[in-house]
>>> print(open('protein-v2.cif').read())   # mmCIF, C-alpha atoms
data_coords
loop_
_atom_site.label_atom_id
_atom_site.label_comp_id
_atom_site.auth_asym_id
_atom_site.auth_seq_id
_atom_site.Cartn_x
_atom_site.Cartn_y
_atom_site.Cartn_z
CA MET A 299 15.18 1.11 -7.87
CA LYS A 300 13.40 2.74 -10.78
CA GLU A 301 13.37 6.24 -12.23
CA ALA A 302 10.34 7.94 -10.73
CA LEU A 303 7.39 9.64 -12.33
CA TRP A 304 5.88 12.98 -11.20
CA TRP A 305 8.86 15.29 -10.78
CA HIS A 306 10.76 18.07 -12.47
CA THR A 307 13.99 20.00 -12.02
CA GLU A 308 13.76 23.52 -10.64
CA GLU A 309 15.91 26.51 -11.63
CA ASP A 310 18.25 26.02 -8.67
CA GLY A 311 18.93 22.42 -9.74
CA ARG A 312 16.88 20.79 -7.04
CA ILE A 313 14.22 18.22 -7.88
CA LEU A 314 10.59 18.93 -7.03
CA CYS A 315 8.53 15.78 -6.38
CA THR A 316 4.89 16.27 -7.41
CA LEU A 317 3.53 12.89 -6.30
CA CYS A 318 2.02 14.09 -3.02
CA PRO A 319 0.99 17.47 -1.58
CA ARG A 320 4.18 17.62 0.48
CA PHE A 321 6.06 18.72 -2.69
CA CYS A 322 9.53 17.80 -1.40
CA ARG A 323 12.49 19.62 -2.90
CA MET A 324 15.66 17.54 -2.99
CA GLY A 325 19.25 18.40 -3.70
CA GLU A 326 21.78 15.87 -4.96
CA ASP A 327 21.70 12.64 -2.92
CA GLN A 328 18.78 13.86 -0.81
CA ALA A 329 15.63 11.84 -0.16
CA GLY A 330 12.16 13.21 0.40
CA PHE A 331 10.11 13.04 3.60
CA CYS A 332 9.00 9.51 2.68
CA TYR A 333 12.63 8.24 2.62
CA ILE A 334 12.22 6.22 -0.59
CA ARG A 335 12.15 8.90 -3.31
CA LYS A 336 15.66 10.26 -3.84
CA ASN A 337 17.62 12.59 -6.08
CA ILE A 338 20.43 10.56 -7.61
CA GLY A 339 22.52 12.20 -10.30
CA GLY A 340 19.89 14.82 -11.04
CA LYS A 341 17.04 12.33 -11.49
CA LEU A 342 14.39 11.20 -9.02
CA TYR A 343 14.36 7.49 -8.25
CA SER A 344 11.85 5.30 -6.43
CA LEU A 345 13.99 3.20 -4.09
CA GLY A 346 11.02 1.08 -3.02
CA TYR A 347 10.41 -0.36 -6.48
CA GLY A 348 10.78 -4.14 -6.55
CA THR A 349 11.07 -4.55 -2.78
CA SER A 350 8.78 -5.56 0.08
CA THR A 351 9.00 -5.65 3.86
CA GLY A 352 6.89 -8.81 3.92
CA PHE A 353 3.84 -10.65 2.62
CA ALA A 354 0.76 -12.11 4.32
CA ILE A 355 -2.56 -13.68 3.41
CA ASP A 356 -5.25 -11.68 5.22
CA PRO A 357 -9.03 -11.63 5.36
CA ILE A 358 -10.19 -8.72 3.26
CA GLU A 359 -12.17 -7.48 6.25
CA LYS A 360 -8.82 -6.61 7.88
CA LYS A 361 -8.13 -3.83 5.35
CA PRO A 362 -10.98 -3.04 6.33
CA LEU A 363 -13.28 -3.65 3.37
CA ASN A 364 -16.72 -5.06 4.17
CA HIS A 365 -18.40 -4.55 0.80
CA PHE A 366 -15.67 -5.73 -1.55
CA LEU A 367 -15.62 -9.52 -2.04
CA PRO A 368 -16.52 -10.09 1.64
CA GLY A 369 -15.26 -13.33 3.12
CA SER A 370 -12.40 -13.57 0.60
CA GLU A 371 -8.66 -13.57 1.27
CA ILE A 372 -6.13 -11.08 -0.04
CA LEU A 373 -2.36 -11.02 -0.52
CA SER A 374 -1.05 -8.07 1.52
CA PHE A 375 2.34 -6.38 1.33
CA GLY A 376 4.10 -3.04 1.70
CA THR A 377 7.51 -1.41 1.38
CA ALA A 378 9.14 1.12 3.74
CA GLY A 379 8.61 4.80 4.48
CA CYS A 380 5.56 7.07 4.46
CA ASN A 381 4.58 10.56 3.32
CA LEU A 382 2.75 11.34 6.57
CA GLY A 383 4.20 11.73 10.05
CA CYS A 384 1.42 10.32 12.23
CA ARG A 385 2.46 10.35 15.88
CA PHE A 386 0.10 7.43 16.53
CA CYS A 387 1.25 5.21 13.65
CA GLN A 388 0.31 1.59 14.27
CA ASN A 389 2.79 0.34 11.64
CA TRP A 390 5.67 2.65 12.58
CA SER A 391 8.34 -0.08 12.37
CA ILE A 392 7.62 -0.16 8.62
CA SER A 393 6.38 3.33 7.80
CA LYS A 394 9.21 5.06 9.69
CA ALA A 395 11.94 2.75 8.43
CA LYS A 396 14.39 3.62 5.70
CA LEU A 397 14.64 0.95 3.07
CA ASP A 398 18.17 -0.11 4.03
CA GLU A 399 17.01 -0.50 7.63
CA ALA A 400 14.03 -2.70 6.80
CA ASN A 401 14.14 -6.41 6.24
CA SER A 402 13.44 -6.01 2.54
CA LEU A 403 12.65 -8.76 0.08
CA GLY A 404 13.14 -8.56 -3.67
CA ALA A 405 9.84 -8.92 -5.53
CA SER A 406 9.06 -8.04 -9.14
CA PRO A 407 5.50 -7.23 -10.25
CA GLU A 408 5.38 -10.56 -12.08
CA LYS A 409 6.43 -12.52 -9.00
CA ILE A 410 3.87 -10.79 -6.79
CA VAL A 411 1.03 -11.57 -9.20
CA GLN A 412 2.17 -15.18 -9.44
CA LEU A 413 2.35 -15.40 -5.63
CA ALA A 414 -1.29 -14.34 -5.42
CA LYS A 415 -2.33 -16.83 -8.08
CA ARG A 416 -0.38 -19.65 -6.45
CA ASN A 417 -2.16 -18.98 -3.18
CA ARG A 418 -5.54 -18.80 -4.95
CA VAL A 419 -6.51 -15.36 -3.65
CA PRO A 420 -8.58 -13.04 -5.86
CA SER A 421 -6.94 -9.76 -4.82
CA ILE A 422 -3.68 -8.01 -3.92
CA ALA A 423 -3.53 -5.28 -1.25
CA PHE A 424 -0.97 -2.47 -1.22
CA THR A 425 -0.84 -1.75 2.50
CA TYR A 426 1.20 -1.54 5.77
CA ASN A 427 2.82 1.71 4.62
CA ASP A 428 1.12 4.13 2.25
CA PRO A 429 1.34 2.82 -1.34
CA VAL A 430 1.12 6.35 -2.74
CA ILE A 431 4.88 6.76 -2.21
CA TRP A 432 5.63 3.70 -4.37
CA GLY A 433 3.09 4.59 -7.03
CA GLU A 434 5.28 3.37 -9.91
CA PHE A 435 5.37 -0.11 -8.34
CA VAL A 436 1.59 0.01 -7.72
CA ILE A 437 0.93 0.80 -11.38
CA ASP A 438 3.03 -2.07 -12.71
CA ILE A 439 1.64 -4.64 -10.25
CA SER A 440 -2.00 -3.63 -10.63
CA ARG A 441 -1.73 -3.61 -14.44
CA ARG A 442 -0.35 -7.15 -14.47
CA ALA A 443 -2.90 -8.24 -11.88
CA ARG A 444 -5.76 -7.05 -14.06
CA GLU A 445 -4.31 -8.87 -17.04
CA GLN A 446 -4.37 -12.06 -14.92
CA GLY A 447 -7.92 -11.52 -13.64
CA LEU A 448 -6.91 -10.37 -10.14
CA LYS A 449 -8.19 -7.32 -8.24
CA SER A 450 -6.00 -4.61 -6.68
CA VAL A 451 -6.69 -2.75 -3.44
CA MET A 452 -5.15 0.47 -2.06
CA VAL A 453 -5.03 0.99 1.72
CA THR A 454 -4.08 4.63 1.91
CA ALA A 455 -4.33 7.99 3.62
CA GLY A 456 -5.34 9.51 0.29
CA TYR A 457 -2.54 12.10 0.40
CA ILE A 458 -1.79 12.40 -3.31
CA THR A 459 -1.81 15.17 -5.90
CA PRO A 460 -4.42 15.53 -8.66
CA GLU A 461 -1.54 15.15 -11.12
CA ALA A 462 -0.58 11.67 -9.92
CA ARG A 463 -3.99 10.26 -8.94
CA PRO A 464 -5.24 9.11 -12.34
CA GLU A 465 -2.07 7.12 -13.07
CA VAL A 466 -1.62 5.56 -9.62
CA TYR A 467 -5.27 4.49 -9.49
CA ARG A 468 -5.63 3.51 -13.15
CA TYR A 469 -5.85 -0.25 -12.46
CA ILE A 470 -7.12 -0.12 -8.87
CA ASP A 471 -10.42 -1.85 -8.10
CA ALA A 472 -10.99 -0.87 -4.46
CA ALA A 473 -9.55 1.34 -1.75
CA ASN A 474 -9.84 2.01 1.94
CA VAL A 475 -9.03 5.65 2.66
CA ASP A 476 -8.00 6.59 6.19
CA LEU A 477 -9.78 9.84 7.04
CA LYS A 478 -7.77 10.43 10.17
CA ALA A 479 -9.84 13.27 11.61
CA PHE A 480 -12.06 16.09 10.49
CA THR A 481 -10.01 19.09 11.62
CA GLU A 482 -7.03 20.78 10.04
CA ARG A 483 -5.53 21.13 13.53
CA PHE A 484 -5.30 17.35 13.91
CA TYR A 485 -3.85 16.83 10.44
CA HIS A 486 -1.29 19.61 10.81
CA LYS A 487 -0.10 18.90 14.36
CA ILE A 488 -0.43 15.12 14.60
CA THR A 489 0.09 13.84 11.05
CA PHE A 490 2.23 16.71 9.62
CA SER A 491 -0.07 16.94 6.62
CA HIS A 492 -3.32 18.67 5.63
CA LEU A 493 -6.98 17.69 5.52
CA ASP A 494 -8.18 19.25 2.26
CA PRO A 495 -6.10 17.06 -0.13
CA VAL A 496 -7.60 13.94 1.50
CA LEU A 497 -11.14 15.26 1.12
CA ASP A 498 -10.34 16.09 -2.50
CA THR A 499 -9.17 12.51 -3.11
CA LEU A 500 -12.38 11.13 -1.61
CA LYS A 501 -14.54 13.33 -3.85
CA TRP A 502 -12.44 12.36 -6.87
CA LEU A 503 -12.87 8.65 -6.11
CA LYS A 504 -16.62 9.06 -5.83
CA HIS A 505 -17.34 11.32 -8.76
CA GLU A 506 -14.60 10.62 -11.28
CA THR A 507 -13.85 6.88 -10.95
CA ASP A 508 -15.60 3.52 -10.71
CA ILE A 509 -13.33 2.42 -7.83
CA TRP A 510 -15.16 0.94 -4.84
CA PHE A 511 -13.97 2.63 -1.65
CA GLU A 512 -14.64 2.66 2.07
CA ILE A 513 -13.51 5.09 4.77
CA THR A 514 -11.79 4.44 8.11
CA ASN A 515 -11.62 6.86 11.03
CA LEU A 516 -9.27 5.76 13.83
CA MET A 517 -10.71 7.38 16.96
CA ILE A 518 -8.11 8.64 19.45
CA PRO A 519 -9.36 9.66 22.91
CA GLY A 520 -9.14 13.40 23.40
CA GLU A 521 -7.90 14.08 19.87
CA ASN A 522 -10.58 13.32 17.27
CA ASP A 523 -13.40 11.58 19.17
CA ASP A 524 -15.58 14.57 19.99
CA PRO A 525 -19.19 13.81 18.96
CA ASP A 526 -19.51 17.19 17.25
CA GLU A 527 -16.50 16.41 15.06
CA THR A 528 -17.93 12.98 14.26
CA LYS A 529 -21.24 14.60 13.30
CA ARG A 530 -19.46 17.05 10.97
CA LEU A 531 -17.50 14.19 9.39
CA CYS A 532 -20.68 12.18 8.79
CA ASP A 533 -22.55 15.18 7.40
CA TRP A 534 -19.66 15.85 4.99
CA VAL A 535 -19.74 12.23 3.81
CA MET A 536 -23.48 12.41 3.22
CA GLN A 537 -23.25 15.70 1.32
CA ASN A 538 -20.20 14.89 -0.79
CA LEU A 539 -20.06 11.10 -1.14
CA GLY A 540 -23.55 9.84 -0.46
CA GLU A 541 -25.27 7.47 1.93
CA SER A 542 -23.84 4.19 0.61
CA VAL A 543 -20.09 4.67 1.20
CA PRO A 544 -19.24 2.39 4.18
CA LEU A 545 -17.69 4.14 7.16
CA HIS A 546 -15.53 2.33 9.73
CA PHE A 547 -14.81 3.73 13.19
CA THR A 548 -11.86 1.83 14.67
CA ALA A 549 -10.17 1.70 18.06
CA PHE A 550 -6.79 3.23 18.79
CA HIS A 551 -4.14 1.54 20.93
CA PRO A 552 -1.13 3.40 22.39
CA ASP A 553 1.84 3.20 20.04
CA PHE A 554 4.87 5.01 18.56
CA LYS A 555 4.92 8.60 19.88
CA MET A 556 1.45 8.54 21.38
CA THR A 557 1.70 6.14 24.30
CA ASP A 558 0.14 8.55 26.79
CA LYS A 559 -3.38 8.01 25.40
CA PRO A 560 -5.68 5.20 26.56
CA ARG A 561 -7.26 2.68 24.24
CA THR A 562 -10.48 3.81 22.63
CA PRO A 563 -13.49 2.67 24.69
CA ALA A 564 -15.96 0.51 22.79
CA ALA A 565 -18.68 2.93 23.86
CA THR A 566 -16.99 5.73 21.87
CA LEU A 567 -17.12 3.67 18.68
CA GLN A 568 -20.70 2.64 19.30
CA GLY A 569 -21.67 6.26 19.86
CA ALA A 570 -19.96 7.29 16.62
CA ARG A 571 -21.83 4.55 14.78
CA ARG A 572 -25.15 5.83 16.13
CA ILE A 573 -24.25 9.35 14.95
CA ALA A 574 -23.45 8.05 11.47
CA LEU A 575 -26.66 6.04 11.18
CA ALA A 576 -28.70 9.00 12.42
CA ALA A 577 -27.02 11.20 9.78
CA GLY A 578 -28.27 8.81 7.10
CA ILE A 579 -25.19 6.70 6.37
CA LYS A 580 -26.48 3.23 5.48
CA PHE A 581 -23.42 1.15 6.34
CA CYS A 582 -21.34 1.94 9.41
CA TYR A 583 -19.01 -0.43 11.23
CA VAL A 584 -16.74 -0.52 14.27
CA GLY A 585 -13.34 -2.20 14.34
CA ASN A 586 -10.46 -3.32 16.56
CA VAL A 587 -13.01 -4.34 19.19
CA VAL A 588 -15.37 -7.29 19.55
CA ASP A 589 -18.80 -5.98 18.55
CA ASP A 590 -20.87 -8.37 16.48
CA GLU A 591 -23.67 -5.86 15.86
CA GLY A 592 -21.21 -3.15 14.83
CA GLN A 593 -19.48 -5.52 12.42
CA THR A 594 -22.60 -6.96 10.81
CA THR A 595 -24.06 -5.78 7.50
CA TYR A 596 -27.81 -5.16 7.62
CA CYS A 597 -30.18 -4.53 4.74
CA PRO A 598 -31.13 -0.83 4.83
CA ALA A 599 -34.60 -1.72 3.46
CA CYS A 600 -35.81 -4.67 5.57
CA LYS A 601 -33.15 -4.62 8.35
CA SER A 602 -32.38 -8.32 7.98
CA VAL A 603 -28.85 -9.67 8.54
CA LEU A 604 -26.92 -9.92 5.29
CA ILE A 605 -23.38 -10.66 6.51
CA ARG A 606 -22.76 -11.52 10.14
CA ARG A 607 -19.18 -11.04 11.29
CA SER A 608 -17.22 -11.53 14.46
CA TRP A 609 -13.95 -9.60 14.34
CA HIS A 610 -12.69 -10.59 10.84
CA ASP A 611 -14.61 -13.85 10.58
CA VAL A 612 -17.70 -14.23 8.41
CA LEU A 613 -20.26 -16.31 10.29
CA GLU A 614 -23.31 -15.88 8.09
CA TYR A 615 -23.80 -14.78 4.49
CA ASN A 616 -27.25 -14.11 3.03
CA LEU A 617 -26.59 -12.13 -0.13
CA ASP A 618 -27.43 -13.39 -3.60
CA GLY A 619 -24.97 -11.45 -5.70
CA ASP A 620 -25.63 -7.87 -4.61
CA ARG A 621 -29.26 -8.50 -3.57
CA CYS A 622 -30.99 -9.00 -0.25
CA GLY A 623 -33.81 -11.53 -0.12
CA CYS A 624 -36.25 -8.61 -0.09
CA GLY A 625 -34.91 -7.49 -3.47
CA ALA A 626 -32.98 -4.46 -2.28
CA ARG A 627 -29.64 -3.86 -4.01
CA ILE A 628 -26.66 -3.53 -1.65
CA ALA A 629 -23.85 -1.17 -2.66
CA GLY A 630 -20.51 -2.91 -3.15
CA VAL A 631 -18.69 -5.56 -5.15
CA PHE A 632 -19.88 -9.05 -4.28
CA ALA A 633 -19.13 -12.53 -5.57
CA ASN A 634 -21.86 -14.69 -7.03
CA GLY A 635 -23.66 -16.28 -4.07
CA SER A 636 -23.30 -19.79 -5.48
CA GLN A 637 -19.52 -19.38 -5.55
CA PHE A 638 -19.16 -18.00 -2.04
CA LYS A 639 -17.61 -20.10 0.69
CA PRO A 640 -17.81 -18.36 4.09
CA ARG A 641 -14.59 -18.17 6.03
CA ARG A 642 -15.49 -19.37 9.54
CA GLY A 643 -12.62 -18.65 11.87
CA ALA A 644 -10.09 -20.20 9.50
CA PRO A 645 -6.52 -19.99 10.83
CA ARG A 646 -4.11 -17.69 9.05
CA ARG A 647 -2.44 -19.84 6.47
CA PRO A 648 1.20 -19.64 5.36
CA LEU A 649 2.23 -18.37 1.97
CA ASN A 650 3.03 -20.98 -0.65
#
>>> encode(input="protein-v2.cif", output="structure tokens")
Amino acid sequence: MKEALWWHTEEDGRILCTLCPRFCRMGEDQAGFCYIRKNIGGKLYSLGYGTSTGFAIDPIEKKPLNHFLPGSEILSFGTAGCNLGCRFCQNWSISKAKLDEANSLGASPEKIVQLAKRNRVPSIAFTYNDPVIWGEFVIDISRRAREQGLKSVMVTAGYITPEARPEVYRYIDAANVDLKAFTERFYHKITFSHLDPVLDTLKWLKHETDIWFEITNLMIPGENDDPDETKRLCDWVMQNLGESVPLHFTAFHPDFKMTDKPRTPAATLQGARRIALAAGIKFCYVGNVVDDEGQTTYCPACKSVLIRRSWHDVLEYNLDGDRCGCGARIAGVFANGSQFKPRRGAPRRPLN
């Protein structure tokens, strides 16, 4: 464990954690909502520092990121705990676990960077549970990764305070932010959090950083899949973030405390994609279903296929750097075309 950042002691002796908008107050030997930030001896400690619940080599499209080094692989890992309480959590065995209950592995920032280099992947993803709650670990890993020429990716709900954001994201190159819904009712009742701090993080990423980011909306039948809500979400993105931020609509499957809902129909995702495109969003994708059209990147200018995907596999790649053959520039971070080797259904490979 490591002494945490972003906290202070209040007049009654309790510690106030200022990392996320939950602002947990902890007495002696108490942990916050996330489980892994704890008051020990009058100081706040990050219990998740230097630990992991597992590592994997993933396609970057699984994060999902479609405009950040598409077709590349990424070293993925997480810790335990979470600062949200999503009833539908798809990673609940990790996010709802306390550290001493998880199958934790010791891993220093140096070892994680070396693991990525040994496996010849260009990026490291902080994922599975929300990396905001282990921000100190994120900072140290991403700083060392940048020194070694590697990229760092946050997969996050974006629930973080303005105080902590600049430090946690200082060495981050890309992020996927999970915009879980577009109503305060959903956030309050189903995630035990609030919508406005997430929207504030998205605006901050766009207007105050150079970090590439994409947005994911997991569509749950009867909860956040109303076309009017989708239209409001898309209009907000257009007005506040612009037309070139990729938006992913992904399918829900019953899990954790929301097993009474059906899987999201593919037609719901396809309808949401049509709404987004009609609103003016240039790049919109569907996920967790087989939909080659909804997973393919098209040139907004000439409509030609730039990157054809099937699930997480790249089948065709027609970009030269960030340019279409027609000369149009495509928003994102892309490898030099001459260096790109498409991943065509390659099996998941073990860590070395």
>>> resolve_selection(input="protein-v2.cif", expression="the PyMOL selection byres ((chain A and resi 627) around 12)", output="list in words")
Ser542, Tyr596, Cys597, Pro598, Ala599, Cys600, Leu604, Leu617, Asp618, Gly619, Asp620, Arg621, Cys622, Gly623, Cys624, Gly625, Ala626, Ile628, Ala629, Gly630, Val631 and Phe632 of chain A
>>> closest_residue(input="protein-v2.cif", among="A:Pro420, A:Thr566, A:Glu527, A:Leu317", to="A:Asp356", atoms="all atoms listed in the file")
A:Pro420
>>> closest_residue(input="protein-v2.cif", among="A:Thr514, A:Thr316, A:Thr307, A:Ser374", to="A:Lys341", atoms="all atoms listed in the file")
A:Thr307
>>> residues_around(input="protein-v2.cif", residues="A:Asp526", least_positions_apart="5", cutoff="10 Å", atoms="only C-alpha atoms", output="ChimeraX atom specification")
/A:531-532,570,573
>>> closest_residue(input="protein-v2.cif", among="A:Ala414, A:Ile439, A:Ala574, A:Ile458", to="A:Cys380", atoms="all atoms listed in the file")
A:Ile458
>>> residues_around(input="protein-v2.cif", residues="A:Gly433", least_positions_apart="5", cutoff="9 Å", atoms="all atoms listed in the file", output="ChimeraX atom specification")
/A:302-303,317,344,347,438,462,465-467
>>> closest_residue(input="protein-v2.cif", among="A:Ala565, A:Val584, A:Cys315, A:Leu575", to="A:Asn364", atoms="only C-alpha atoms")
A:Val584
>>> atom_distance(input="protein-v2.cif", atom1="atom CA of A:Val603", atom2="atom CA of A:Tyr615")
8.2 Å
>>> residues_around(input="protein-v2.cif", residues="A:Phe490", least_positions_apart="6", cutoff="7 Å", atoms="all atoms listed in the file", output="mmCIF file with C-alpha atoms, in the coordinates of the input")
data_model
loop_
_atom_site.group_PDB
_atom_site.id
_atom_site.type_symbol
_atom_site.label_atom_id
_atom_site.label_comp_id
_atom_site.auth_asym_id
_atom_site.auth_seq_id
_atom_site.Cartn_x
_atom_site.Cartn_y
_atom_site.Cartn_z
ATOM 1 C CA LEU A 382 2.750 11.340 6.570
ATOM 2 C CA GLY A 383 4.200 11.730 10.050
ATOM 3 C CA CYS A 384 1.420 10.320 12.230
#
>>> closest_atom_pairs(input="protein-v2.cif", of="stretch 351-436 of chain A", to="stretch 589-595 of chain A", cutoff="12 Å", atoms="only C-alpha atoms", output="CSV")
residue,atom,partner,partner_atom,distance
A:Glu359,CA,A:Gln593,CA,9.8
A:Lys360,CA,A:Gln593,CA,11.6
A:Pro362,CA,A:Gln593,CA,10.7
A:Leu363,CA,A:Gln593,CA,11.1
A:Asn364,CA,A:Thr595,CA,8.1
A:His365,CA,A:Thr595,CA,8.9
A:Pro368,CA,A:Thr595,CA,10.5
>>> resolve_selection(input="protein-v2.cif", expression="the PyMOL selection byres ((chain A and resi 412) around 12)", output="list in words")
Leu373, Ala405, Ser406, Pro407, Glu408, Lys409, Ile410, Val411, Leu413, Ala414, Lys415, Arg416, Asn417, Arg418, Val419, Pro420, Ser421, Ile422, Ile439, Arg442, Ala443, Glu445, Gln446, Gly447, Leu448, Leu649 and Asn650 of chain A
>>> closest_residue(input="protein-v2.cif", among="A:Phe386, A:Trp510, A:Tyr469, A:Trp609", to="A:Ser450", atoms="all atoms listed in the file")
A:Tyr469
>>> closest_residue(input="protein-v2.cif", among="A:Met536, A:Ala329, A:Leu342, A:Ala378", to="A:Lys504", atoms="all atoms listed in the file")
A:Met536
>>> resolve_selection(input="protein-v2.cif", expression="the PyMOL selection byres ((chain A and resi 308) around 12)", output="number ranges by chain")
A: 305-307, 309-316, 322-325, 340-341
>>> residues_around(input="protein-v2.cif", residues="stretch 428-431 of chain A", least_positions_apart="5", cutoff="9 Å", atoms="all atoms listed in the file", output="PyMOL selection string")
chain A and resi 317-318+332+334-335+344+346+376-382+393+436+452-458+463+466
>>> atom_distance(input="protein-v2.cif", atom1="atom CA of A:Thr481", atom2="atom CA of A:Ile358")
29.0 Å
>>> atom_distance(input="protein-v2.cif", atom1="atom CA of A:Asn616", atom2="atom CA of A:Leu503")
28.4 Å
>>> decode(input="protein-v2.cif", residues="stretch 375-391 of chain A", atoms="N, CA and C atoms", output="mmCIF file, in the first residue's frame")
data_model
loop_
_atom_site.group_PDB
_atom_site.id
_atom_site.type_symbol
_atom_site.label_atom_id
_atom_site.label_comp_id
_atom_site.auth_asym_id
_atom_site.auth_seq_id
_atom_site.Cartn_x
_atom_site.Cartn_y
_atom_site.Cartn_z
ATOM 1 N N PHE A 375 -5.025 -4.573 -17.313
ATOM 2 C CA PHE A 375 -5.072 -5.069 -15.942
ATOM 3 C C PHE A 375 -5.887 -4.121 -15.076
ATOM 4 N N GLY A 376 -6.306 -4.623 -13.910
ATOM 5 C CA GLY A 376 -7.027 -3.815 -12.944
ATOM 6 C C GLY A 376 -6.676 -4.244 -11.537
ATOM 7 N N THR A 377 -7.325 -3.611 -10.557
ATOM 8 C CA THR A 377 -7.128 -3.996 -9.159
ATOM 9 C C THR A 377 -8.471 -4.506 -8.629
ATOM 10 N N ALA A 378 -8.893 -4.045 -7.473
ATOM 11 C CA ALA A 378 -10.190 -4.433 -6.909
ATOM 12 C C ALA A 378 -10.924 -3.176 -6.468
ATOM 13 N N GLY A 379 -12.255 -3.297 -6.317
ATOM 14 C CA GLY A 379 -13.054 -2.193 -5.835
ATOM 15 C C GLY A 379 -13.516 -1.252 -6.934
ATOM 16 N N CYS A 380 -14.423 -0.332 -6.561
ATOM 17 C CA CYS A 380 -14.932 0.658 -7.516
ATOM 18 C C CYS A 380 -15.591 1.786 -6.735
ATOM 19 N N ASN A 381 -15.642 2.979 -7.340
ATOM 20 C CA ASN A 381 -16.289 4.105 -6.668
ATOM 21 C C ASN A 381 -17.717 4.336 -7.161
ATOM 22 N N LEU A 382 -18.229 3.429 -8.000
ATOM 23 C CA LEU A 382 -19.631 3.442 -8.381
ATOM 24 C C LEU A 382 -20.288 2.160 -7.893
ATOM 25 N N GLY A 383 -21.604 2.147 -7.876
ATOM 26 C CA GLY A 383 -22.330 0.970 -7.393
ATOM 27 C C GLY A 383 -23.282 0.414 -8.431
ATOM 28 N N CYS A 384 -22.832 0.300 -9.667
ATOM 29 C CA CYS A 384 -23.703 -0.094 -10.782
ATOM 30 C C CYS A 384 -24.343 -1.460 -10.528
ATOM 31 N N ARG A 385 -25.670 -1.488 -10.564
ATOM 32 C CA ARG A 385 -26.394 -2.738 -10.340
ATOM 33 C C ARG A 385 -26.209 -3.722 -11.493
ATOM 34 N N PHE A 386 -25.740 -3.236 -12.617
ATOM 35 C CA PHE A 386 -25.591 -4.066 -13.817
ATOM 36 C C PHE A 386 -24.134 -4.409 -14.102
ATOM 37 N N CYS A 387 -23.252 -4.181 -13.152
ATOM 38 C CA CYS A 387 -21.811 -4.306 -13.401
ATOM 39 C C CYS A 387 -21.463 -5.622 -14.076
ATOM 40 N N GLN A 388 -20.713 -5.524 -15.177
ATOM 41 C CA GLN A 388 -20.314 -6.697 -15.935
ATOM 42 C C GLN A 388 -18.993 -7.286 -15.417
ATOM 43 N N ASN A 389 -18.320 -6.538 -14.550
ATOM 44 C CA ASN A 389 -17.067 -7.006 -13.941
ATOM 45 C C ASN A 389 -17.199 -7.044 -12.427
ATOM 46 N N TRP A 390 -18.384 -7.405 -11.924
ATOM 47 C CA TRP A 390 -18.656 -7.267 -10.492
ATOM 48 C C TRP A 390 -17.752 -8.136 -9.624
ATOM 49 N N SER A 391 -17.258 -9.265 -10.127
ATOM 50 C CA SER A 391 -16.386 -10.118 -9.313
ATOM 51 C C SER A 391 -15.086 -9.416 -8.961
#
